[in-house]
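Take a look at the structure set out below.
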Amino acid sequence: MKRFVSFIVTSFLLTCLWSPSAFAAEEKKNTDIVSNVKSAILIERDTGTVLYEKNSNEELPPASMTKIMTMLLIMEALDQGKLKWDEKIRTSEYAASMGGSQIFLEPGEEMTTKEMLRGIAIGSGNDASVAMAERIAGSEEAFVDMMNDKAQKLGLKHTVFKNTTGLPVSGHYSSASDMAVMSKELLKYEDITKFTGMYEAYLRENTDKKFWLVNTNKLVRFYPGVDGLKTGFTAEAKYCLTATAQKNGMRVIAVVFGSPTSKERNAQVTKMLNYAFAQYQTHPMFKRNQTIGQVKISKGNEKSLEAVTSEPLSLLTKKGEKTEDVKQKMFLKKNLNAPITKGEQVGTIKLIKAGKVILESPLVAGKDVKKAGWWTLYKRSFGMFTKAGK
């Protein structure tokens, strides 16, 4: 185990801080918010606090909400520099053969990552999903392994993926709770809502095969603040939706599985969003990638790197409460050796109230640090000997 060094950074006052147990007690009074769905959950994005749930761990077919994980791995690859926005992605015969929702890619056709993501986020393109999976992992099967690995890393206990699309297959399932966690992770990448929040767009513009995309998530157009994330429908799954909305600085995520109609699905999600914005508020603290501290690195081409936030951090409060003291505490890893990869965890930040941790989030490396060459290490050691001799 790597040791940690702890620093108390600061303390501050914020309006109406509630503990998770207080929220849980409130949930029990509101178990009738949603009806006519198999399962549902409502969370606040920054803290992950559950504001409402109904059968949220029930394992059910997620249909095209599967693409939330597909989009998450695409955004990670972009963030890590393994994929470029303007890179041309070639469509294989297998990708072009996908049924269901599609953007009608032809074998050998090329689109940029940005265009493919638009086809996935707005048009729910199964063909685009498989084309991107093949680009990132080499095959859909290898990409599905990545999806399941990521699910394990996120601590998801009610999710198993068999494909990238959500097309019906035995043993492919998720839960409302797990889908909310995936969505929370995806929303770290703020660019994603530029795609999922778009109601309509075109592909193959300036060609005779111009293709119109219309978002199946009608709340993007009809509920102020909704900018994602993904609908789903199959005969088995019925109508599903993972929606996110932002209002007055607070972002929430609402998930429903198994609604009988799309109209009913939208109505139930609307109820949850209305409840969240009427009852709660957040107090933003840090943006994603904000520098919190410096970590020392041994045997690297640089001696230190910035520890940055891995996600936006806020405090969630019930409206109308009094102020409370909150302490902020940072733990940075010691004895880190190069190489270090951008995004690798190098510490933790915790928010503490009355001796209890109310929010905990990883701090990560803000950039890569490569292993130093022998000449660099020699000069450093020579400099140390020189200083010691003075």
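Identifiers for the structure tokens are assigned positionally: chains receive A, B, ... in sequence, residues are indexed from 1 per chain, and ligands are indexed from 1 in the order shown.
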What are the nearest atom pairs, with distances in Å to one decimal, for all residues of stretch 206-294 of chain A that come at most 8 Å from stretch 117-123 of chain A, using only C-alpha atoms, set out by chain and rising residue number as a Markdown table?
| residue | atom | partner | partner_atom | distance |
| --- | --- | --- | --- | --- |
| A:Leu213 | CA | A:Gly123 | CA | 5.6 |
| A:Val214 | CA | A:Ile122 | CA | 6.4 |
| A:Asn215 | CA | A:Ile122 | CA | 4.7 |
| A:Thr216 | CA | A:Ile122 | CA | 7.2 |
| A:Leu229 | CA | A:Ala121 | CA | 7.7 |
| A:Lys230 | CA | A:Ala121 | CA | 7.0 |
(message) At a cut-off of 12 Å, using only C-alpha atoms, what residues contact stretch 334-342 of chain A? Leave out same-chain residues fewer than 6 positions from it and give the result as a count of residues only.
(response) 41
Mind dumping a table of every stretch 84-203 of chain A residue within 12 Å of stretch 253-275 of chain A, with the nearest atom pair and its distance in Å to one decimal, using only C-alpha atoms, sorted by chain and rising number, as a Markdown table?
| residue | atom | partner | partner_atom | distance |
| --- | --- | --- | --- | --- |
| A:Tyr173 | CA | A:Phe257 | CA | 11.2 |
| A:Ser174 | CA | A:Phe257 | CA | 9.8 |
| A:Ser175 | CA | A:Phe257 | CA | 8.1 |
| A:Ala176 | CA | A:Val255 | CA | 5.8 |
| A:Ser177 | CA | A:Val255 | CA | 8.1 |
| A:Asp178 | CA | A:Val255 | CA | 9.8 |
| A:Met179 | CA | A:Val255 | CA | 7.3 |
| A:Ala180 | CA | A:Ile253 | CA | 6.5 |
| A:Val181 | CA | A:Ile253 | CA | 9.3 |
| A:Met182 | CA | A:Ile253 | CA | 10.5 |
| A:Ser183 | CA | A:Ile253 | CA | 7.5 |
| A:Lys184 | CA | A:Ile253 | CA | 7.6 |
| A:Glu185 | CA | A:Ile253 | CA | 11.3 |
| A:Leu186 | CA | A:Ile253 | CA | 11.3 |
| A:Leu187 | CA | A:Ile253 | CA | 9.8 |
Prev. selection, N, CA, C and O atoms, output as a PDB file, in the first residue's frame:
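Everything below was put into part_17.pdb:
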ATOM      1  N   TYR A 173     -27.650  -7.015 -19.385  1.00  0.00           N
ATOM      2  CA  TYR A 173     -28.567  -6.336 -18.473  1.00  0.00           C
ATOM      3  C   TYR A 173     -27.851  -5.238 -17.696  1.00  0.00           C
ATOM      4  O   TYR A 173     -26.625  -5.181 -17.629  1.00  0.00           O
ATOM      5  N   SER A 174     -28.651  -4.374 -17.093  1.00  0.00           N
ATOM      6  CA  SER A 174     -28.135  -3.339 -16.193  1.00  0.00           C
ATOM      7  C   SER A 174     -29.242  -3.000 -15.202  1.00  0.00           C
ATOM      8  O   SER A 174     -30.263  -3.688 -15.128  1.00  0.00           O
ATOM      9  N   SER A 175     -29.036  -1.947 -14.434  1.00  0.00           N
ATOM     10  CA  SER A 175     -30.040  -1.495 -13.459  1.00  0.00           C
ATOM     11  C   SER A 175     -30.089   0.022 -13.473  1.00  0.00           C
ATOM     12  O   SER A 175     -29.175   0.685 -13.967  1.00  0.00           O
ATOM     13  N   ALA A 176     -31.155   0.569 -12.917  1.00  0.00           N
ATOM     14  CA  ALA A 176     -31.288   2.021 -12.866  1.00  0.00           C
ATOM     15  C   ALA A 176     -30.138   2.638 -12.072  1.00  0.00           C
ATOM     16  O   ALA A 176     -29.576   3.666 -12.461  1.00  0.00           O
ATOM     17  N   SER A 177     -29.780   2.006 -10.953  1.00  0.00           N
ATOM     18  CA  SER A 177     -28.697   2.520 -10.122  1.00  0.00           C
ATOM     19  C   SER A 177     -27.372   2.517 -10.877  1.00  0.00           C
ATOM     20  O   SER A 177     -26.637   3.512 -10.878  1.00  0.00           O
ATOM     21  N   ASP A 178     -27.060   1.406 -11.542  1.00  0.00           N
ATOM     22  CA  ASP A 178     -25.809   1.316 -12.299  1.00  0.00           C
ATOM     23  C   ASP A 178     -25.792   2.300 -13.464  1.00  0.00           C
ATOM     24  O   ASP A 178     -24.760   2.912 -13.766  1.00  0.00           O
ATOM     25  N   MET A 179     -26.930   2.461 -14.129  1.00  0.00           N
ATOM     26  CA  MET A 179     -27.000   3.384 -15.257  1.00  0.00           C
ATOM     27  C   MET A 179     -26.761   4.822 -14.800  1.00  0.00           C
ATOM     28  O   MET A 179     -26.128   5.618 -15.504  1.00  0.00           O
ATOM     29  N   ALA A 180     -27.229   5.148 -13.609  1.00  0.00           N
ATOM     30  CA  ALA A 180     -26.996   6.486 -13.062  1.00  0.00           C
ATOM     31  C   ALA A 180     -25.517   6.720 -12.793  1.00  0.00           C
ATOM     32  O   ALA A 180     -24.988   7.807 -13.054  1.00  0.00           O
ATOM     33  N   VAL A 181     -24.817   5.691 -12.280  1.00  0.00           N
ATOM     34  CA  VAL A 181     -23.380   5.813 -12.014  1.00  0.00           C
ATOM     35  C   VAL A 181     -22.610   5.982 -13.320  1.00  0.00           C
ATOM     36  O   VAL A 181     -21.692   6.807 -13.421  1.00  0.00           O
ATOM     37  N   MET A 182     -22.971   5.193 -14.336  1.00  0.00           N
ATOM     38  CA  MET A 182     -22.335   5.346 -15.656  1.00  0.00           C
ATOM     39  C   MET A 182     -22.527   6.758 -16.194  1.00  0.00           C
ATOM     40  O   MET A 182     -21.606   7.363 -16.744  1.00  0.00           O
ATOM     41  N   SER A 183     -23.728   7.264 -16.048  1.00  0.00           N
ATOM     42  CA  SER A 183     -24.049   8.605 -16.548  1.00  0.00           C
ATOM     43  C   SER A 183     -23.281   9.669 -15.786  1.00  0.00           C
ATOM     44  O   SER A 183     -22.801  10.644 -16.373  1.00  0.00           O
ATOM     45  N   LYS A 184     -23.156   9.485 -14.472  1.00  0.00           N
ATOM     46  CA  LYS A 184     -22.370  10.406 -13.650  1.00  0.00           C
ATOM     47  C   LYS A 184     -20.937  10.472 -14.164  1.00  0.00           C
ATOM     48  O   LYS A 184     -20.342  11.547 -14.284  1.00  0.00           O
ATOM     49  N   GLU A 185     -20.381   9.304 -14.502  1.00  0.00           N
ATOM     50  CA  GLU A 185     -19.017   9.232 -15.018  1.00  0.00           C
ATOM     51  C   GLU A 185     -18.919   9.890 -16.391  1.00  0.00           C
ATOM     52  O   GLU A 185     -17.988  10.638 -16.679  1.00  0.00           O
ATOM     53  N   LEU A 186     -19.888   9.616 -17.259  1.00  0.00           N
ATOM     54  CA  LEU A 186     -19.879  10.191 -18.603  1.00  0.00           C
ATOM     55  C   LEU A 186     -19.944  11.714 -18.555  1.00  0.00           C
ATOM     56  O   LEU A 186     -19.283  12.411 -19.340  1.00  0.00           O
ATOM     57  N   LEU A 187     -20.718  12.244 -17.626  1.00  0.00           N
ATOM     58  CA  LEU A 187     -20.915  13.693 -17.546  1.00  0.00           C
ATOM     59  C   LEU A 187     -19.701  14.437 -16.991  1.00  0.00           C
ATOM     60  O   LEU A 187     -19.701  15.670 -16.936  1.00  0.00           O
TER      61      LEU A 187
END
(message) Among stretch 148-305 of chain A, which ones does DSSP assign to strand (DSSP E) (computed from the backbone)? Answer as an MDAnalysis selection string.
(response) chainID A and resid 200:203 211:214 226:234 238:247 250:259 280:286 291:298 304:305
(request) Measure the distance from atom CA of A:Ser139 to atom CA of A:Val169 in Å and round it to one decimal. (result) 18.0 Å
(request) Would you mind telling me which residue in A:Glu44, A:Met65, A:Thr113, A:Phe286 lies nearest to A:Ala245 when using only C-alpha atoms? (result)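 Nearest candidate to A:Ala245 out of A:Glu44, A:Met65, A:Thr113, A:Phe286: A:Glu44.
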Residues at most 10 Å from A:Arg221, counting only C-alpha atoms, excluding those fewer than 3 positions away in the same chain, as a PDB file with all heavy atoms, in the first residue's frame?
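Result saved to out38.pdb:
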ATOM      1  N   GLY A 197     -27.371  16.799 -26.123  1.00  0.00           N
ATOM      2  CA  GLY A 197     -28.336  17.877 -25.936  1.00  0.00           C
ATOM      3  C   GLY A 197     -28.815  18.493 -27.235  1.00  0.00           C
ATOM      4  O   GLY A 197     -29.597  19.446 -27.230  1.00  0.00           O
ATOM      5  N   MET A 198     -28.359  17.957 -28.359  1.00  0.00           N
ATOM      6  CA  MET A 198     -28.755  18.477 -29.674  1.00  0.00           C
ATOM      7  C   MET A 198     -30.038  17.798 -30.129  1.00  0.00           C
ATOM      8  O   MET A 198     -30.117  16.565 -30.166  1.00  0.00           O
ATOM      9  CB  MET A 198     -27.619  18.223 -30.674  1.00  0.00           C
ATOM     10  CG  MET A 198     -27.740  18.972 -31.981  1.00  0.00           C
ATOM     11  SD  MET A 198     -26.288  18.645 -33.055  1.00  0.00           S
ATOM     12  CE  MET A 198     -24.971  19.409 -32.086  1.00  0.00           C
ATOM     13  N   TYR A 199     -31.048  18.569 -30.469  1.00  0.00           N
ATOM     14  CA  TYR A 199     -32.330  17.965 -30.850  1.00  0.00           C
ATOM     15  C   TYR A 199     -32.310  17.439 -32.274  1.00  0.00           C
ATOM     16  O   TYR A 199     -32.878  16.387 -32.562  1.00  0.00           O
ATOM     17  CB  TYR A 199     -33.478  18.964 -30.684  1.00  0.00           C
ATOM     18  CG  TYR A 199     -34.827  18.340 -30.984  1.00  0.00           C
ATOM     19  CD1 TYR A 199     -35.351  17.355 -30.142  1.00  0.00           C
ATOM     20  CD2 TYR A 199     -35.548  18.698 -32.108  1.00  0.00           C
ATOM     21  CE1 TYR A 199     -36.572  16.757 -30.413  1.00  0.00           C
ATOM     22  CE2 TYR A 199     -36.779  18.104 -32.391  1.00  0.00           C
ATOM     23  CZ  TYR A 199     -37.276  17.135 -31.540  1.00  0.00           C
ATOM     24  OH  TYR A 199     -38.478  16.532 -31.820  1.00  0.00           O
ATOM     25  N   GLU A 200     -31.659  18.154 -33.169  1.00  0.00           N
ATOM     26  CA  GLU A 200     -31.581  17.685 -34.554  1.00  0.00           C
ATOM     27  C   GLU A 200     -30.266  18.123 -35.175  1.00  0.00           C
ATOM     28  O   GLU A 200     -29.662  19.109 -34.756  1.00  0.00           O
ATOM     29  CB  GLU A 200     -32.758  18.209 -35.386  1.00  0.00           C
ATOM     30  CG  GLU A 200     -32.868  19.715 -35.446  1.00  0.00           C
ATOM     31  CD  GLU A 200     -34.084  20.183 -36.223  1.00  0.00           C
ATOM     32  OE1 GLU A 200     -34.763  19.340 -36.835  1.00  0.00           O
ATOM     33  OE2 GLU A 200     -34.353  21.399 -36.219  1.00  0.00           O
ATOM     34  N   ASN A 215     -33.368  13.717 -32.325  1.00  0.00           N
ATOM     35  CA  ASN A 215     -33.165  13.088 -31.029  1.00  0.00           C
ATOM     36  C   ASN A 215     -34.456  12.423 -30.547  1.00  0.00           C
ATOM     37  O   ASN A 215     -35.510  13.063 -30.524  1.00  0.00           O
ATOM     38  CB  ASN A 215     -32.704  14.138 -30.007  1.00  0.00           C
ATOM     39  CG  ASN A 215     -31.961  13.518 -28.845  1.00  0.00           C
ATOM     40  OD1 ASN A 215     -32.286  12.439 -28.383  1.00  0.00           O
ATOM     41  ND2 ASN A 215     -30.945  14.222 -28.371  1.00  0.00           N
ATOM     42  N   ASN A 217     -34.969  11.624 -27.588  1.00  0.00           N
ATOM     43  CA  ASN A 217     -35.238  12.182 -26.261  1.00  0.00           C
ATOM     44  C   ASN A 217     -35.931  13.529 -26.432  1.00  0.00           C
ATOM     45  O   ASN A 217     -35.294  14.574 -26.524  1.00  0.00           O
ATOM     46  CB  ASN A 217     -33.931  12.331 -25.477  1.00  0.00           C
ATOM     47  CG  ASN A 217     -34.139  12.862 -24.070  1.00  0.00           C
ATOM     48  OD1 ASN A 217     -35.268  13.034 -23.619  1.00  0.00           O
ATOM     49  ND2 ASN A 217     -33.045  13.130 -23.384  1.00  0.00           N
ATOM     50  N   LYS A 218     -37.249  13.507 -26.469  1.00  0.00           N
ATOM     51  CA  LYS A 218     -38.018  14.726 -26.729  1.00  0.00           C
ATOM     52  C   LYS A 218     -37.889  15.756 -25.608  1.00  0.00           C
ATOM     53  O   LYS A 218     -38.163  16.947 -25.817  1.00  0.00           O
ATOM     54  CB  LYS A 218     -39.495  14.386 -26.936  1.00  0.00           C
ATOM     55  CG  LYS A 218     -39.749  13.382 -28.065  1.00  0.00           C
ATOM     56  CD  LYS A 218     -39.155  13.839 -29.380  1.00  0.00           C
ATOM     57  CE  LYS A 218     -39.380  12.819 -30.487  1.00  0.00           C
ATOM     58  NZ  LYS A 218     -38.638  13.134 -31.728  1.00  0.00           N
ATOM     59  N   PRO A 224     -36.887  22.596 -20.189  1.00  0.00           N
ATOM     60  CA  PRO A 224     -35.734  23.503 -20.082  1.00  0.00           C
ATOM     61  C   PRO A 224     -34.619  22.905 -19.217  1.00  0.00           C
ATOM     62  O   PRO A 224     -34.872  22.440 -18.106  1.00  0.00           O
ATOM     63  CB  PRO A 224     -36.331  24.752 -19.421  1.00  0.00           C
ATOM     64  CG  PRO A 224     -37.786  24.699 -19.760  1.00  0.00           C
ATOM     65  CD  PRO A 224     -38.149  23.250 -19.769  1.00  0.00           C
ATOM     66  N   GLY A 225     -33.415  22.895 -19.753  1.00  0.00           N
ATOM     67  CA  GLY A 225     -32.264  22.398 -19.002  1.00  0.00           C
ATOM     68  C   GLY A 225     -31.871  20.976 -19.321  1.00  0.00           C
ATOM     69  O   GLY A 225     -30.763  20.552 -18.972  1.00  0.00           O
ATOM     70  N   VAL A 226     -32.736  20.205 -19.988  1.00  0.00           N
ATOM     71  CA  VAL A 226     -32.389  18.829 -20.342  1.00  0.00           C
ATOM     72  C   VAL A 226     -31.420  18.840 -21.519  1.00  0.00           C
ATOM     73  O   VAL A 226     -31.690  19.454 -22.551  1.00  0.00           O
ATOM     74  CB  VAL A 226     -33.637  17.992 -20.693  1.00  0.00           C
ATOM     75  CG1 VAL A 226     -33.231  16.651 -21.305  1.00  0.00           C
ATOM     76  CG2 VAL A 226     -34.490  17.750 -19.448  1.00  0.00           C
ATOM     77  N   ASP A 227     -30.291  18.150 -21.369  1.00  0.00           N
ATOM     78  CA  ASP A 227     -29.305  18.085 -22.449  1.00  0.00           C
ATOM     79  C   ASP A 227     -28.709  16.679 -22.582  1.00  0.00           C
ATOM     80  O   ASP A 227     -27.545  16.509 -22.893  1.00  0.00           O
ATOM     81  CB  ASP A 227     -28.198  19.126 -22.252  1.00  0.00           C
ATOM     82  CG  ASP A 227     -27.563  19.073 -20.871  1.00  0.00           C
ATOM     83  OD1 ASP A 227     -27.892  18.154 -20.092  1.00  0.00           O
ATOM     84  OD2 ASP A 227     -26.724  19.941 -20.565  1.00  0.00           O
TER      85      ASP A 227
END
(request) Name the closest residue to A:Ala243 among the candidates A:Lys150, A:Glu106, A:Glu53, A:Ile41; distances are taken between atoms, counting only C-alpha atoms. (result) A:Ile41
(message) So, with only C-alpha atoms as the atoms that count, which of A:Thr282, A:Ser170, A:Ser361, A:Thr207 lies closest to A:Leu315?
(response) A:Thr282
(request) Just the residues within 8 Å of stretch 157-162 of chain A, please, counting only C-alpha atoms, with nothing from its chain fewer than 2 positions along; format it as an NGL selection string. (result) :A and (57-59 or 66 or 144 or 147-148 or 151-152 or 155 or 164 or 169 or 171-175 or 178)
(message) To one decimal place in Å, what is the distance between atom CA of A:Tyr189 and atom CA of A:Lys329?
(response) 24.8 Å
(message) Residues near stretch 67-70 of chain A, anyone? I mean within 6 Å using only C-alpha atoms, not counting same-chain ones fewer than 3 positions away, as a list in words.
(response)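 What passes the distance filter is Ser64, Leu73 and Thr165 of chain A.
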(request) Run DSSP on the backbone and grab whatever in stretch 169-330 of chain A lands in helix (DSSP H, G or I); send it over as number ranges by chain. (result) A: 176-186, 190-196, 219-222, 262-279
(request) Go through A:Lys153, A:Lys238, A:Lys210, A:Lys318 one by one, measure the shortest atom-to-atom distance of each to A:Ala278 using only C-alpha atoms, and give the residue with the smallest value. (result) A:Lys318
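Remark: for A:Met250, the closest of the candidate residues A:Arg90, A:Arg45, A:Lys114, A:Lys333 is A:Arg45 (distances computed over only C-alpha atoms).
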(request) Have a look at A:Ile33, A:Leu72, A:Ala276, A:Leu167 and name the one nearest to A:Thr317; count only C-alpha atoms. (result)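 Using only C-alpha atoms, the shortest distance to A:Thr317 belongs to A:Ala276.
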